[in-house]
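Undergrad: Here it is: the structure, laid out below.
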Amino acid sequence: MSELLTALELRDAIAAKTLSSTEAVRDCLGRIEKYDPELGAYLLTFTEKAMQDAETVDRKIAAGQPVGPLAGVPIAVKDNLCTTFGTTTCGSKILERFAAPFNAHVIERLLAADAVIIGKTNLDEFAMGSSTENSALRKTVNPWDASRVPGGSSGGSAAAVAAGLCAAALGSDTGGSIRQPASFCGVTGLKPTYGRVSRYGLVAYGSSLDQIGPLTRNAADAALLMNIIAGHDPRDSTSVSDVMAKKPDYLAELNQPINALKIAVVPELIAGAEPRIRTAIENALKVYQSLGAERVEITMPHFDYAIAAYYVIATAEASSNLARFDGVHYGHRSAEAGNYIEVYSKSRDEAFGPEVKRRIMLGTFALSSGYYDAYYLKALKVRNLIRQDFVKAFEKADCLMLPVSPTTAFKIGEKTDDPLQMYLADVYTIAVNLAGLPGLSVPCGFDEENLPIGLQIITDAFTEDKLLRIGQMYQNATDWHKQRPEL
Amino acid sequence: MDLEYKIIVGLEIHVQLATKTKMFCGCELKFGQPPNTRVCPVCLGLPGSLPVMNKAAVESAILTGLALNCTISRKTKWDRKSYYYPDLPKNYQISQYDLPLAEHGFIEIPLEDGSTKQIRIRRAHLEEDAGKNTHTLGNFTAVDLNRAGTPLLEIVTEPDMNSPTEVRLLAQELQRIVRYLGVSEADMQKGHMRFEPNVNLHITRNGQVFKTPITEVKNLNSFRALERSIAYEVNRQLDEFLTTGKTMQVGNKSTYGWDDVNQITVLQREKEEAHDYRYFPDPDLVPVVISDDWLDRIASRMGELPLAMQKRFVSEYELSDYDAQVLTAEKATAVFFDAAVRCGAEPKRVCNLLTQTGLKLANEHQTTVDALGISPIQAASLARMVEAGDVSATSGAVIFEAMMQSDDDPKQIAEQRNLLQKSDTGQIETLVEQVIGENPKAVSDAKTNPKKAKKAMGFLMGQVIQKSKGQANPKIVAEVLNRKLMK
């Protein structure tokens, strides 16, 4: 049963011809057909194209031709990544029928690696949300409990990986959108350092915060995907050059543990989570200590201000990034518009969901003259203070560990009426985006309702190789990441 | 009633830079193409696309800033200026807000009386142009985005101009400068330069000073329209003041357009709308740091500026200001002239050859003087021949034109075409004696009849030159004739 294999195992099996890509992809499509009507992970699947691509890989392998590092492996991508095949909707009515004329950088890389892109996954509209409930197009449920959310905004990708509807997936993380759904669905999720992965072709939400990253079965698969998607791209000015930060081989030293690992913890932060989560985190720390790690207690004095700063900066950028969806050039245009101003106002009113509108209004307000200094500028200052907190933390330790989320997956509809409660779900993940650092979410236990819990590990900028090794140490010692939901 | 007024004008100028590609994408800059054929995902503002700065445009802007005696910012950045308009695909324009590339400079402009005046430059910044809306589809507006993303340099002067003529002279001088620098074709017909003057009057009545409300005239694209619209505004504002007594107040700046058919300004917006462009730094682009080294390399491309050259031609070559101005109107002419003079020719002779013949030929062939196929060395030799009286000025023009097809020395050309003047006094004396003998009436008139002397002399000269088949040097003929008649 190919769905039980990790991406790495699947790749090796296909390369060794013990399993064909065609079989793997057919299995995967079969499972999607069987389970996705209820799960709702996908907005679109490429049934025919995926089978063709799989056959191409099988033919190449049969002919002894060289193939890429992800040859024949079915991969899902979040639907805010532009693809020249199918639509790129961002989970929004405004782009419901939008077909992008170019592939995102990461899509190009996946295709060059001979991956089989199996479909595009659901998300909160324009990646704005923490539960995928803000998708205007589909409802996604948590594979562990269909009455609960998968997390968000990369909820479709997380659910697809957890349910074995793909071998691995790509998501995007602006304030926790990879790590939190990974945690809710019991998979591994990596948000890379800002600049590590090109954003070219990622439909922007908060441009200074957005990063694309993998959602996978384990740290090794995340390393495999990073080997493919990371690296400089001249089309993204914020993409780091090879001179500044050379891209390592993330798989090369993955199984080498970090000697005398120093782990920073902020006791108050752990104390803020639900009891069962606190216990799971403490247990995870004990596992590390048993592996020779040392625990260092630190403070992060500005961590509390992260949410406030984030919801100013991200919404300010979003209000500007989403201005282009105006019904003039592409996307939904109101049939009711009588003049060009109404083309804007009615098209946007009809096709944006309430959370997107809320954030556009927040951001517009924050950038308005007279408020700019009090909100946007102040938020930038907070952002710098948070960066400083991390700089100090990494003077004392190799990494910081804390929960991914204060709760496990919550009930569908539980927080939709209270945006502020929803925003607070990101309390542990947002600071990482503000500081531009890499963050990893690894499964570290279950609560009393058998819902997965995630451990978040943060390291210094451009040290994803080290971060993944720390994750791998844990996964070599535990098997939380091997637990699968019963569908 | 005792009434005096002073005209106050400041000017905003948009100069389109002649780079190969657009400001933030790789689209080739080309004028007059079918609509929406010079576009890509970036300049269309498609979701997922990202801008990449055009370094050549930044260098052109810096070079212009240096030529305008500005301080160049050593660190600058890009800002988003938000407003909704169908020709602006992202609904924000990438521009520079609080850190313009250049500021605090001045431009020296030649006035009509031969003196010059300094006009202060407030700032110069780079931005991307918008597309064009056309209203030729009945109820619909068509948008052409070929121009979208074209690099524009916006130059803002202080309100230092005090007449419509001064404003025109500034605009013309700026055109001459950017052409000398090679940063813009500055072709008015193609909209490469667009002007927006801000005009008001300081009226002194009975010792009291009144300032009329400032008006801005939008989007002027010819020197004529610029000068005339200001002249019209001056009269209109004076009339308005005399009728209404209205003076300048915060917020009562109004916007006018220029009706070229009726030669009047037309009110567009009564009060300046409280525009809030919600500027904020573009997170998709990184700040630009201008190193000493880079700045030096750009500055080394400067060359001599037109006004300096014009002044030098007057002081060093003793040309009239008019001649110097004609020669420096185009850099190609000025440089060619300078080179020919340095080859050892008399400046005024070279000037005459170029202004009377060279420019005419260049115009006929729709090219510049340096591209006629004539070297400055050839031109200098020809000028020396004219100076020495070896050929007449008329023959000089003929030889100049002949040099376009020949690399021969002008002397050889003159010989081939029999254009050398005879300055052999002995031969001319024989001819003069013949003519005197054949025309007793004219000789007697020339000697004794003061009323007819001049005409008779002219007749006799003509006869001699005719006998020489046009080859006798008129100067020598006149000398010999005078000497003989005096006897």
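Each chain in the structure tokens gets a letter, A, B, ..., in the order shown, and its residues are numbered from 1; ligands are numbered from 1 in order too.
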May I have the residues within 9 Å of Thr47 (chain A) as an MDAnalysis selection string, using only C-alpha atoms and disregarding those fewer than 6 positions away in the same chain?
TA: chainID A and resid 25:26 29 118:119
Undergrad: Since we have the selection now, will you write its residues out, keeping C-alpha atoms, as a short mmCIF file (atom, residue, chain, number, x, y, z; two decimals), in the first residue's frame?
TA:
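Saved the output as out.cif:
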```cif
data_model
loop_
_atom_site.label_atom_id
_atom_site.label_comp_id
_atom_site.auth_asym_id
_atom_site.auth_seq_id
_atom_site.Cartn_x
_atom_site.Cartn_y
_atom_site.Cartn_z
CA VAL A 25 -0.38 7.67 -8.51
CA ARG A 26 -3.33 5.38 -9.25
CA LEU A 29 -6.10 9.05 -7.02
CA ILE A 118 -1.57 15.37 -8.24
CA GLY A 119 -3.78 18.30 -7.31
#
```
Undergrad: Taking only region 119-367 of chain A into account, list the residues labelled strand (DSSP E or B) by DSSP (computed from the backbone), as a PyMOL selection string.
TA: chain A and resi 119-121+142+145+148+168-173+188-191+197+202+211-216+230+262-265+294-297
Undergrad: Among region 398-440 of chain A, which ones does DSSP place in helix (DSSP H, G or I), written as a PDB file with C-alpha atoms, in the first residue's frame?
TA:
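The new file result_34.pdb reads:
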```pdb
ATOM      1  CA  PRO A 419     -12.177  36.605  14.715  1.00  0.00           C
ATOM      2  CA  LEU A 420     -10.048  37.641  17.675  1.00  0.00           C
ATOM      3  CA  GLN A 421     -10.143  34.126  19.175  1.00  0.00           C
ATOM      4  CA  MET A 422      -9.165  32.822  15.770  1.00  0.00           C
ATOM      5  CA  TYR A 423      -6.238  35.249  15.596  1.00  0.00           C
ATOM      6  CA  LEU A 424      -5.038  34.130  19.022  1.00  0.00           C
ATOM      7  CA  ILE A 430       3.578  34.446  14.311  1.00  0.00           C
ATOM      8  CA  ALA A 431       6.804  35.667  15.910  1.00  0.00           C
ATOM      9  CA  VAL A 432       8.789  33.340  13.650  1.00  0.00           C
ATOM     10  CA  ASN A 433       7.351  35.029  10.551  1.00  0.00           C
ATOM     11  CA  LEU A 434       7.991  38.496  11.934  1.00  0.00           C
ATOM     12  CA  ALA A 435      11.615  37.522  12.557  1.00  0.00           C
TER      13      ALA A 435
END
```
Undergrad: Ranking A:Ile458, A:Phe102, A:Leu95, A:Ala71 by minimum distance to Val391 (chain A) and counting only C-alpha atoms, which one comes first?
TA: A:Ile458
Undergrad: Taking only C-alpha atoms into account, find every residue of chain A that has an atom no more than 6 Å from chain B, and write it out as an NGL selection string.
TA: :A and (200-203 or 207-208 or 237 or 323-324 or 367-368)
Undergrad: For Asp114 (chain A), please output as a ChimeraX atom specification all residues within 8 Å (counting only C-alpha atoms; exclusion window: fewer than 4 positions along the same chain).
TA: /A:57,67-73,110
Undergrad: What is the CA of Tyr344 (chain A)-CA of Phe325 (chain A) distance in Å, reported with one decimal?
TA: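 Atom-to-atom, CA of Tyr344 (chain A) to CA of Phe325 (chain A), that is 8.4 Å.
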Undergrad: At a cut-off of 12 Å, using only C-alpha atoms, what residues contact Leu10 (chain A)? Leave out same-chain residues fewer than 2 positions from it and give the result as a ChimeraX atom specification.
TA: /A:1-8,12-25,28,69-75,115,166-168,217,221,224
Undergrad: Can you measure CA of Val197 (chain A) to CA of Pro214 (chain A) for me? One decimal in Å is fine.
TA: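 Separating CA of Val197 (chain A) from CA of Pro214 (chain A) is a distance of 10.7 Å.
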Undergrad: Take CA of Asp79 (chain B) and CA of Asn80 (chain A) and report the distance between them in Å, one decimal.
TA: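 Taking CA of Asp79 (chain B) as the start and CA of Asn80 (chain A) as the end point, the length is 24.7 Å.
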Undergrad: Go through A:Leu402, A:Ile212, A:Ala62, A:Ala159 one by one, measure the shortest atom-to-atom distance of each to Thr174 (chain A) using only C-alpha atoms, and give the residue with the smallest value.
TA: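 Selected residue with least distance to Thr174 (chain A): A:Ile212.
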Undergrad: Considering only C-alpha atoms, return as a list of chain:residue names whatever protein or nucleic-acid residues lie within 12 Å of Arg484 (chain A), sequence-local ones (same chain, fewer than 5 positions apart) excluded.
TA: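 Final neighbour list, sorted by chain and number: A:Glu3, A:Leu4, A:Leu5, A:Pro143, A:Trp144, A:Asp145, A:Ala159, A:Ala160, A:Val161, A:Ala162, A:Ala163, A:Gly164, A:Cys185, A:Gly186, A:Val187, A:Arg217, A:Pro443, A:Phe446, A:Asn450, A:Leu451, A:Pro452, A:Asp479.
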Undergrad: Which neighbours of Ile457 (chain A) fall inside 10 Å, counting only C-alpha atoms, when residues of the same chain fewer than 2 positions from it are skipped, and could you give them as a list of chain:residue names?
TA: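 Residues meeting the cut-off are A:Leu190, A:Ile263, A:Ala264, A:Cys399, A:Leu400, A:Met401, A:Leu402, A:Pro403, A:Val404, A:Pro438, A:Gly439, A:Leu440, A:Ser441, A:Val442, A:Gly454, A:Leu455, A:Thr459, A:Leu467, A:Leu468, A:Ile470, A:Gly471.
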Undergrad: Put those residues in a file: N, CA and C atoms, as a compact mmCIF listing (two decimals), in the first residue's frame.
TA:
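Output contents, as saved in out-v3.txt:
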```txt
# COMPACT_ATOMS: atom_id res chain seq x y z
N LEU A 190 7.39 22.47 7.68
CA LEU A 190 8.54 23.38 7.80
C LEU A 190 8.25 24.72 7.14
N ILE A 263 18.73 23.61 24.12
CA ILE A 263 17.35 23.96 23.78
C ILE A 263 16.87 25.07 24.69
N ALA A 264 16.46 26.19 24.09
CA ALA A 264 15.88 27.27 24.89
C ALA A 264 14.39 27.04 25.03
N CYS A 399 18.45 26.21 19.63
CA CYS A 399 17.09 26.30 19.11
C CYS A 399 16.15 26.69 20.23
N LEU A 400 14.95 27.06 19.83
CA LEU A 400 13.89 27.37 20.79
C LEU A 400 12.79 26.35 20.55
N MET A 401 12.24 25.80 21.66
CA MET A 401 11.12 24.86 21.51
C MET A 401 9.91 25.38 22.27
N LEU A 402 8.78 25.25 21.63
CA LEU A 402 7.53 25.68 22.23
C LEU A 402 6.38 24.98 21.49
N PRO A 403 5.16 25.08 21.99
CA PRO A 403 4.06 24.46 21.27
C PRO A 403 3.84 25.16 19.93
N VAL A 404 3.19 24.48 19.00
CA VAL A 404 2.80 25.13 17.75
C VAL A 404 1.54 25.95 17.98
N PRO A 438 13.33 30.17 10.38
CA PRO A 438 12.74 28.88 10.05
C PRO A 438 12.08 28.24 11.27
N GLY A 439 10.96 27.59 11.05
CA GLY A 439 10.25 26.93 12.15
C GLY A 439 9.73 25.58 11.68
N LEU A 440 9.87 24.59 12.55
CA LEU A 440 9.47 23.23 12.20
C LEU A 440 8.40 22.77 13.18
N SER A 441 7.38 22.10 12.64
CA SER A 441 6.35 21.52 13.49
C SER A 441 6.46 20.00 13.36
N VAL A 442 6.67 19.32 14.50
CA VAL A 442 6.72 17.85 14.45
C VAL A 442 5.71 17.27 15.43
N GLY A 454 1.49 19.29 18.26
CA GLY A 454 2.74 19.58 17.55
C GLY A 454 3.75 20.29 18.43
N LEU A 455 5.01 19.90 18.25
CA LEU A 455 6.13 20.59 18.89
C LEU A 455 6.74 21.52 17.85
N THR A 459 15.05 27.66 14.75
CA THR A 459 16.50 27.90 14.79
C THR A 459 16.80 29.22 14.09
N LEU A 467 18.00 22.61 11.77
CA LEU A 467 16.63 22.47 12.28
C LEU A 467 16.07 21.10 11.95
N LEU A 468 16.29 20.66 10.71
CA LEU A 468 15.77 19.35 10.30
C LEU A 468 16.50 18.22 11.03
N ILE A 470 17.62 18.44 14.06
CA ILE A 470 17.03 18.41 15.40
C ILE A 470 15.69 17.67 15.36
N GLY A 471 14.90 17.94 14.32
CA GLY A 471 13.64 17.23 14.16
C GLY A 471 13.85 15.74 13.95
```
Undergrad: Which residues come within 8 Å of Glu270 (chain B), counting only C-alpha atoms, excluding same-chain residues fewer than 2 positions away, as a PyMOL selection string?
TA: chain B and resi 252-255+267-268+272
Undergrad: Can you work out which one of B:Ile214, B:Leu137, B:Met404, B:Ala478 has the shortest atom-to-atom distance to Asn198 (chain B), counting only C-alpha atoms?
TA: B:Ile214
